[in-house]
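K.L.:
Next comes the structure file my_file_6.cif, holding mmCIF, C-alpha atoms.
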```
data_entry
#
loop_
_atom_site.label_atom_id
_atom_site.label_comp_id
_atom_site.auth_asym_id
_atom_site.auth_seq_id
_atom_site.Cartn_x
_atom_site.Cartn_y
_atom_site.Cartn_z
CA MET A 1 0.00 0.00 0.00
CA GLU A 2 2.84 2.37 0.85
CA PRO A 3 4.24 2.51 -2.74
CA PHE A 4 0.80 3.53 -4.04
CA VAL A 5 0.45 6.27 -1.43
CA SER A 6 3.96 7.52 -2.24
CA ALA A 7 3.16 7.61 -5.95
CA ALA A 8 -0.06 9.53 -5.30
CA MET A 9 1.71 12.07 -3.09
CA GLU A 10 4.43 12.53 -5.69
CA SER A 11 1.80 13.23 -8.34
CA LEU A 12 0.14 15.80 -6.09
CA ARG A 13 3.48 17.51 -5.43
CA GLU A 14 4.21 17.69 -9.15
CA ILE A 15 0.83 19.05 -10.14
CA ALA A 16 0.38 21.59 -7.31
CA PRO A 17 2.64 24.35 -8.76
CA ILE A 18 1.14 23.82 -12.22
CA ALA A 19 -2.35 24.17 -10.77
CA LEU A 20 -1.37 27.45 -9.10
CA ILE A 21 0.04 28.81 -12.36
CA PHE A 22 -3.11 28.04 -14.34
CA MET A 23 -5.41 29.29 -11.58
CA ALA A 24 -3.51 32.58 -11.59
CA LEU A 25 -3.70 32.68 -15.40
CA ALA A 26 -7.44 32.06 -15.30
CA TYR A 27 -7.93 34.87 -12.80
CA VAL A 28 -5.89 37.34 -14.86
CA LEU A 29 -7.63 36.50 -18.13
CA LYS A 30 -11.21 35.87 -17.01
CA ARG A 31 -11.72 37.65 -13.69
CA ASP A 32 -15.47 37.54 -13.04
CA GLU A 33 -15.93 34.50 -15.28
CA VAL A 34 -13.55 32.29 -13.28
CA TRP A 35 -16.10 30.93 -10.81
CA ALA A 36 -18.67 30.28 -13.51
CA GLY A 37 -16.02 28.42 -15.49
CA LEU A 38 -15.00 26.34 -12.48
CA LYS A 39 -18.62 25.50 -11.77
CA SER A 40 -19.25 24.28 -15.32
CA ALA A 41 -16.03 22.25 -15.38
CA ARG A 42 -16.08 20.82 -11.85
CA ARG A 43 -17.46 17.38 -12.76
CA GLU A 44 -15.01 16.89 -15.63
CA VAL A 45 -12.11 18.22 -13.56
CA GLY A 46 -12.94 15.65 -10.90
CA THR A 47 -12.90 12.88 -13.51
CA ASN A 48 -9.61 14.14 -14.96
CA PHE A 49 -8.02 14.30 -11.54
CA GLY A 50 -9.18 10.77 -10.76
CA LEU A 51 -7.67 9.49 -14.02
CA LEU A 52 -4.44 11.35 -13.26
CA LEU A 53 -4.13 9.65 -9.87
CA PHE A 54 -5.01 6.19 -11.16
CA ASN A 55 -2.59 6.38 -14.07
CA SER A 56 0.18 7.81 -11.88
CA VAL A 57 -0.28 5.27 -9.10
CA VAL A 58 -1.01 2.17 -11.18
CA MET A 59 -0.19 2.44 -14.89
CA ILE A 60 3.12 4.34 -14.86
CA PRO A 61 4.75 2.19 -12.11
CA LEU A 62 3.38 -0.90 -13.85
CA LEU A 63 5.39 -0.08 -16.99
CA THR A 64 8.55 1.28 -15.39
CA VAL A 65 10.21 -2.12 -14.88
CA PRO A 66 9.28 -3.59 -18.31
CA LEU A 67 10.52 -0.47 -20.13
CA GLY A 68 13.73 -0.51 -18.07
CA LEU A 69 14.30 -4.18 -18.93
CA PHE A 70 13.55 -3.46 -22.58
CA ARG A 71 16.17 -0.71 -22.67
CA SER A 72 18.81 -2.74 -20.85
CA ASN A 73 18.38 -5.69 -23.23
CA ILE A 74 18.54 -3.75 -26.49
CA PRO A 75 21.71 -4.69 -28.42
CA GLN A 76 23.69 -1.50 -29.01
CA LEU A 77 26.83 -0.66 -30.91
CA PRO A 78 29.55 0.64 -28.57
CA MET A 79 29.74 3.96 -30.42
CA ILE A 80 26.08 4.90 -29.80
CA PRO A 81 26.47 6.14 -26.18
CA ALA A 82 29.65 7.94 -27.24
CA PHE A 83 27.79 9.58 -30.13
CA TRP A 84 25.11 11.04 -27.86
CA GLU A 85 27.78 12.03 -25.34
CA MET A 86 29.70 14.09 -27.92
CA LEU A 87 26.68 16.21 -28.84
CA PRO A 88 25.70 19.34 -26.86
CA LYS A 89 23.18 18.41 -24.16
CA LEU A 90 20.62 20.93 -25.42
CA LEU A 91 20.77 19.40 -28.90
CA VAL A 92 20.28 15.89 -27.47
CA VAL A 93 17.16 17.06 -25.61
CA ILE A 94 15.80 18.72 -28.78
CA ILE A 95 16.42 15.53 -30.77
CA ALA A 96 14.63 13.53 -28.05
CA ILE A 97 11.63 15.89 -28.19
CA VAL A 98 11.44 15.69 -32.00
CA ILE A 99 11.66 11.87 -32.04
CA ILE A 100 9.14 11.40 -29.21
CA ASP A 101 6.82 13.87 -30.93
CA LEU A 102 7.04 11.89 -34.18
CA ALA A 103 6.20 8.65 -32.36
CA ALA A 104 3.38 10.38 -30.48
CA TYR A 105 2.02 11.84 -33.73
CA TRP A 106 1.57 8.39 -35.31
CA ARG A 107 0.37 6.87 -32.06
CA HIS A 108 -2.22 9.65 -31.86
CA ARG A 109 -3.37 9.00 -35.41
CA LEU A 110 -3.64 5.31 -34.56
CA GLU A 111 -5.86 6.23 -31.60
CA HIS A 112 -8.21 8.00 -34.01
CA SER A 113 -8.57 4.85 -36.10
CA ARG A 114 -11.68 2.67 -35.89
CA ALA A 115 -10.00 0.05 -33.67
CA PHE A 116 -8.62 2.42 -31.02
CA TRP A 117 -11.10 5.32 -30.91
CA ARG A 118 -13.13 3.61 -28.16
CA ILE A 119 -10.06 3.97 -25.91
CA HIS A 120 -9.07 7.47 -27.02
CA ALA A 121 -12.60 8.90 -26.88
CA THR A 122 -12.11 9.50 -23.15
CA HIS A 123 -9.50 12.14 -23.92
CA HIS A 124 -11.88 14.02 -26.21
CA ALA A 125 -14.91 13.92 -23.92
CA ASP A 126 -14.25 17.18 -22.02
CA GLU A 127 -16.80 19.82 -22.98
CA ALA A 128 -15.19 22.37 -20.64
CA MET A 129 -11.64 21.80 -21.88
CA ASN A 130 -8.90 22.93 -19.48
CA TRP A 131 -5.24 22.29 -18.65
CA LEU A 132 -6.12 19.14 -16.67
CA THR A 133 -7.61 17.63 -19.84
CA LEU A 134 -4.03 16.55 -20.57
CA HIS A 135 -4.55 13.77 -18.02
CA ARG A 136 -7.98 12.70 -19.25
CA LYS A 137 -6.67 9.37 -20.54
CA HIS A 138 -8.20 5.95 -20.16
CA PRO A 139 -5.66 3.62 -18.46
CA LEU A 140 -5.40 1.63 -21.69
CA GLY A 141 -4.65 4.87 -23.53
CA GLU A 142 -2.01 5.76 -20.94
CA LEU A 143 -0.40 2.36 -21.46
CA LEU A 144 -0.44 2.78 -25.24
CA SER A 145 1.14 6.24 -25.14
CA LEU A 146 3.84 5.29 -22.64
CA VAL A 147 4.94 2.31 -24.72
CA LEU A 148 4.66 3.64 -28.27
CA ASP A 149 6.01 7.13 -27.55
CA LEU A 150 9.16 5.89 -25.82
CA ILE A 151 10.19 2.82 -27.83
CA PRO A 152 11.94 4.80 -30.64
CA VAL A 153 14.16 6.83 -28.27
CA LEU A 154 14.94 3.68 -26.29
CA LEU A 155 15.88 1.81 -29.48
CA LEU A 156 18.13 4.70 -30.53
CA GLY A 157 19.91 4.57 -27.17
CA LEU A 158 19.30 8.17 -26.14
CA PRO A 159 20.46 8.87 -22.58
CA ILE A 160 17.83 8.42 -19.88
CA TRP A 161 18.42 11.97 -18.63
CA ALA A 162 17.57 13.32 -22.11
CA ILE A 163 14.44 11.15 -22.39
CA VAL A 164 13.21 12.24 -18.95
CA THR A 165 13.93 15.91 -19.70
CA ALA A 166 12.18 15.73 -23.06
CA ALA A 167 9.16 13.98 -21.51
CA LEU A 168 8.96 16.62 -18.78
CA LEU A 169 9.15 19.52 -21.26
CA ARG A 170 6.52 17.90 -23.48
CA SER A 171 4.31 17.41 -20.45
CA TRP A 172 4.58 21.10 -19.50
CA TRP A 173 3.77 22.08 -23.07
CA GLY A 174 0.87 19.65 -22.98
CA TYR A 175 -0.65 21.54 -20.04
CA LEU A 176 -0.39 24.78 -22.00
CA ILE A 177 -1.99 23.53 -25.21
CA HIS A 178 -4.93 22.07 -23.28
CA ALA A 179 -5.53 25.33 -21.40
CA ASP A 180 -8.73 27.26 -22.11
CA VAL A 181 -7.00 30.18 -23.84
CA PRO A 182 -7.45 31.23 -27.51
CA TRP A 183 -3.74 31.74 -28.14
CA THR A 184 -2.33 31.04 -31.60
CA LEU A 185 1.17 32.14 -30.44
CA GLY A 186 1.59 34.27 -33.58
CA ILE A 187 4.72 33.51 -35.62
CA PHE A 188 5.91 31.17 -32.86
CA GLY A 189 2.77 29.10 -33.48
CA LYS A 190 4.06 28.23 -36.94
CA VAL A 191 6.65 26.01 -35.26
CA MET A 192 5.14 25.10 -31.89
CA MET A 193 1.68 23.63 -31.36
CA SER A 194 -0.48 26.36 -29.84
CA PRO A 195 -3.44 26.12 -27.44
CA ALA A 196 -5.72 27.28 -30.27
CA ALA A 197 -4.36 24.66 -32.67
CA HIS A 198 -4.81 21.86 -30.16
CA ARG A 199 -8.28 23.03 -29.16
CA LEU A 200 -9.18 22.64 -32.83
CA HIS A 201 -8.13 18.99 -32.50
CA HIS A 202 -10.69 18.68 -29.68
CA ILE A 203 -13.45 20.42 -31.68
CA ARG A 204 -16.92 18.88 -31.63
CA ASP A 205 -16.88 18.80 -35.46
CA GLU A 206 -15.61 15.28 -36.15
CA ALA A 207 -14.16 16.08 -39.58
CA LEU A 208 -11.92 18.82 -38.16
CA MET A 209 -11.02 16.58 -35.22
CA GLY A 210 -8.73 14.68 -37.62
CA SER A 211 -6.09 17.41 -37.53
CA ASN A 212 -3.27 18.87 -35.42
CA TYR A 213 -2.26 15.58 -33.81
CA ALA A 214 1.18 16.55 -32.46
CA ASN A 215 1.82 17.67 -28.89
CA THR A 216 4.79 20.00 -29.17
CA ILE A 217 5.87 20.93 -32.70
CA THR A 218 3.80 21.45 -35.86
CA LEU A 219 6.43 19.86 -38.12
CA TRP A 220 4.85 16.42 -38.39
CA ASP A 221 1.30 17.71 -38.98
CA ARG A 222 2.59 20.01 -41.70
CA LEU A 223 4.74 17.28 -43.27
CA PHE A 224 1.93 14.69 -43.31
CA GLY A 225 -0.86 17.09 -44.29
CA THR A 226 -2.90 17.16 -41.09
CA TYR A 227 -2.25 20.73 -39.92
CA ILE A 228 -5.15 23.20 -39.97
CA ASP A 229 -4.77 26.88 -39.11
CA PRO A 230 -6.82 27.41 -35.92
CA ALA A 231 -7.47 31.14 -36.47
CA PRO A 232 -11.03 30.67 -37.86
CA TYR A 233 -11.94 28.31 -35.02
CA LEU A 234 -10.93 30.15 -31.84
CA ASN A 235 -12.94 29.16 -28.74
CA CYS A 236 -14.63 26.36 -30.69
CA GLU A 237 -16.98 23.96 -28.91
CA THR A 238 -15.24 20.80 -27.69
CA GLY A 239 -16.43 17.31 -26.74
CA ILE A 240 -17.84 14.26 -28.50
CA ALA A 241 -21.32 13.08 -29.47
CA GLU A 242 -21.19 10.28 -26.89
CA GLY A 243 -20.87 12.86 -24.11
CA SER A 244 -18.71 13.07 -21.00
CA ARG A 245 -18.67 10.47 -18.20
CA THR A 246 -17.85 10.22 -14.50
CA LEU A 247 -14.63 8.47 -13.51
CA ILE A 248 -16.25 5.02 -13.42
CA GLY A 249 -18.04 5.79 -16.66
CA GLU A 250 -14.76 6.66 -18.38
CA PHE A 251 -13.17 3.45 -17.11
CA ALA A 252 -16.08 1.55 -18.67
CA ARG A 253 -16.34 3.59 -21.90
CA PRO A 254 -14.29 1.29 -24.21
CA PHE A 255 -16.55 -1.60 -23.25
CA GLU A 256 -19.85 0.17 -23.94
CA ALA A 257 -22.04 -1.68 -26.41
CA ARG A 258 -22.29 1.40 -28.65
CA TYR A 259 -18.64 1.03 -29.66
CA TRP A 260 -19.08 -2.61 -30.64
CA ARG A 261 -22.50 -2.47 -32.32
CA ARG A 262 -21.56 0.13 -34.92
CA PRO A 263 -18.35 1.41 -36.50
CA ALA A 264 -16.43 3.82 -34.31
CA ARG A 265 -15.78 7.32 -35.62
CA PRO A 266 -13.67 6.92 -38.82
CA VAL A 267 -11.39 9.94 -38.40
CA GLU A 268 -8.79 8.69 -40.86
CA ALA A 269 -11.46 8.72 -43.56
CA ASP A 270 -11.92 12.44 -42.89
CA GLN A 271 -8.38 13.45 -43.84
CA SER A 272 -9.70 15.32 -46.88
CA ALA A 273 -10.72 18.02 -44.39
CA ALA A 274 -7.07 18.50 -43.48
#
```
Could you spell out this file's structure in structure tokens?
P.N.:
Amino acid sequence: MEPFVSAAMESLREIAPIALIFMALAYVLKRDEVWAGLKSARREVGTNFGLLLFNSVVMIPLLTVPLGLFRSNIPQLPMIPAFWEMLPKLLVVIIAIVIIDLAAYWRHRLEHSRAFWRIHATHHADEAMNWLTLHRKHPLGELLSLVLDLIPVLLLGLPIWAIVTAALLRSWWGYLIHADVPWTLGIFGKVMMSPAAHRLHHIRDEALMGSNYANTITLWDRLFGTYIDPAPYLNCETGIAEGSRTLIGEFARPFEARYWRRPARPVEADQSAA
């Protein structure tokens, strides 16, 4: 029991300063609308927080040992660690971010396919999208992202410190792009995924939902033809037709009869919209 409590406390310590930052941001930007916004989002925030705790306490520790064993048993040429060591540390971190983002891009597109949408739908269910939506992941979705996003950098033998740093930076950026702010980031948004661009990915319109898959950089969406300029869609309505669920409801979502009786949402067929 103690390891689970420790993991939960660690998650709370990590998220507390982030929560304070976004609460302050909400107050500065919305003032009198803050309490109304909190009231409308409270049920979904509770679900997101519950998923955060479950995934942090159960799913992440569950995969730590297997991923560690996977890395330690990968055959590597002797020059690979030396190659990463000779590069500037900042460059190694940037390379790690770019590679993880590429893996996450294709993993994300896979999640929008017919077979995996029933798992990923949980992440799109927030109608009052906010920074904590980053953690609205079904445990099976958390497992999928942890494995598929990290395998390429592990296979390439990138240093653990660079992988951890890249994952942390991507996580911080993930909080920003899920925040309820209509920021396109101007010229900077041409390179980095903006909150407005990612909100468009969460739009209620299912055709436009098949766009802007990346977490951090826009490179892969632009290269593979799935980037859409968010400027015409600022503050768009988010959510899915199936609606939002409580924590238990989100755990059960992939097993709902609706996802097995009829085809799940065929996002990949909608790529003409991109």
K.L.:
Could you jot down the CA of Leu155 (chain A) to CA of Leu52 (chain A) separation for me, Å, one decimal place?
P.N.:
27.7 Å
K.L.:
Could you tell me, as an NGL selection string, exactly which residues end up selected when the PyMOL selection byres ((chain A and resi 161) around 12) is applied to this structure?
P.N.:
:A and (84-85 or 89-90 or 92-93 or 96 or 153-154 or 157-160 or 162-168)
K.L.:
Put those residues in a file: C-alpha atoms, as an mmCIF file, keeping the file's coordinate frame.
P.N.:
```
data_model
loop_
_atom_site.group_PDB
_atom_site.id
_atom_site.type_symbol
_atom_site.label_atom_id
_atom_site.label_comp_id
_atom_site.auth_asym_id
_atom_site.auth_seq_id
_atom_site.Cartn_x
_atom_site.Cartn_y
_atom_site.Cartn_z
ATOM 1 C CA TRP A 84 25.110 11.040 -27.860
ATOM 2 C CA GLU A 85 27.780 12.030 -25.340
ATOM 3 C CA LYS A 89 23.180 18.410 -24.160
ATOM 4 C CA LEU A 90 20.620 20.930 -25.420
ATOM 5 C CA VAL A 92 20.280 15.890 -27.470
ATOM 6 C CA VAL A 93 17.160 17.060 -25.610
ATOM 7 C CA ALA A 96 14.630 13.530 -28.050
ATOM 8 C CA VAL A 153 14.160 6.830 -28.270
ATOM 9 C CA LEU A 154 14.940 3.680 -26.290
ATOM 10 C CA GLY A 157 19.910 4.570 -27.170
ATOM 11 C CA LEU A 158 19.300 8.170 -26.140
ATOM 12 C CA PRO A 159 20.460 8.870 -22.580
ATOM 13 C CA ILE A 160 17.830 8.420 -19.880
ATOM 14 C CA ALA A 162 17.570 13.320 -22.110
ATOM 15 C CA ILE A 163 14.440 11.150 -22.390
ATOM 16 C CA VAL A 164 13.210 12.240 -18.950
ATOM 17 C CA THR A 165 13.930 15.910 -19.700
ATOM 18 C CA ALA A 166 12.180 15.730 -23.060
ATOM 19 C CA ALA A 167 9.160 13.980 -21.510
ATOM 20 C CA LEU A 168 8.960 16.620 -18.780
#
```
K.L.:
Between A:Arg245, A:Arg199, A:Arg118, A:Arg107, which is the closest to Gly174 (chain A) once you count only C-alpha atoms?
P.N.:
A:Arg199
K.L.:
Given the choices A:Ile60, A:Ala16, A:Val45, A:Ile21, which gets closest to Leu247 (chain A) if the distance is worked out from only C-alpha atoms?
P.N.:
A:Val45
K.L.:
Please determine, counting only C-alpha atoms, which residue among A:Tyr105, A:Ala257, A:Pro152, A:Glu111 has the shortest atom-to-atom distance to Leu219 (chain A).
P.N.:
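Among the listed residues, the smallest separation from Leu219 (chain A) belongs to A:Tyr105.
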K.L.:
Would you mind telling me which residue in A:Gly239, A:Gly68, A:Gly46, A:Gly186 lies nearest to His202 (chain A) when using only C-alpha atoms?
P.N.:
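Nearest candidate to His202 (chain A) out of A:Gly239, A:Gly68, A:Gly46, A:Gly186: A:Gly239.
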K.L.:
Of the residues A:Met86, A:Ile119, A:Leu102, A:Ile18, which is the one nearest to Trp131 (chain A), using all atoms listed in the file?
P.N.:
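Result for the nearest residue to Trp131 (chain A): A:Ile18.
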K.L.:
Between A:Leu51, A:Ala24, A:Leu67, A:Leu176, which is the closest to Gly141 (chain A) once you count only C-alpha atoms?
P.N.:
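The shortest atom-to-atom distance to Gly141 (chain A) comes from A:Leu51.
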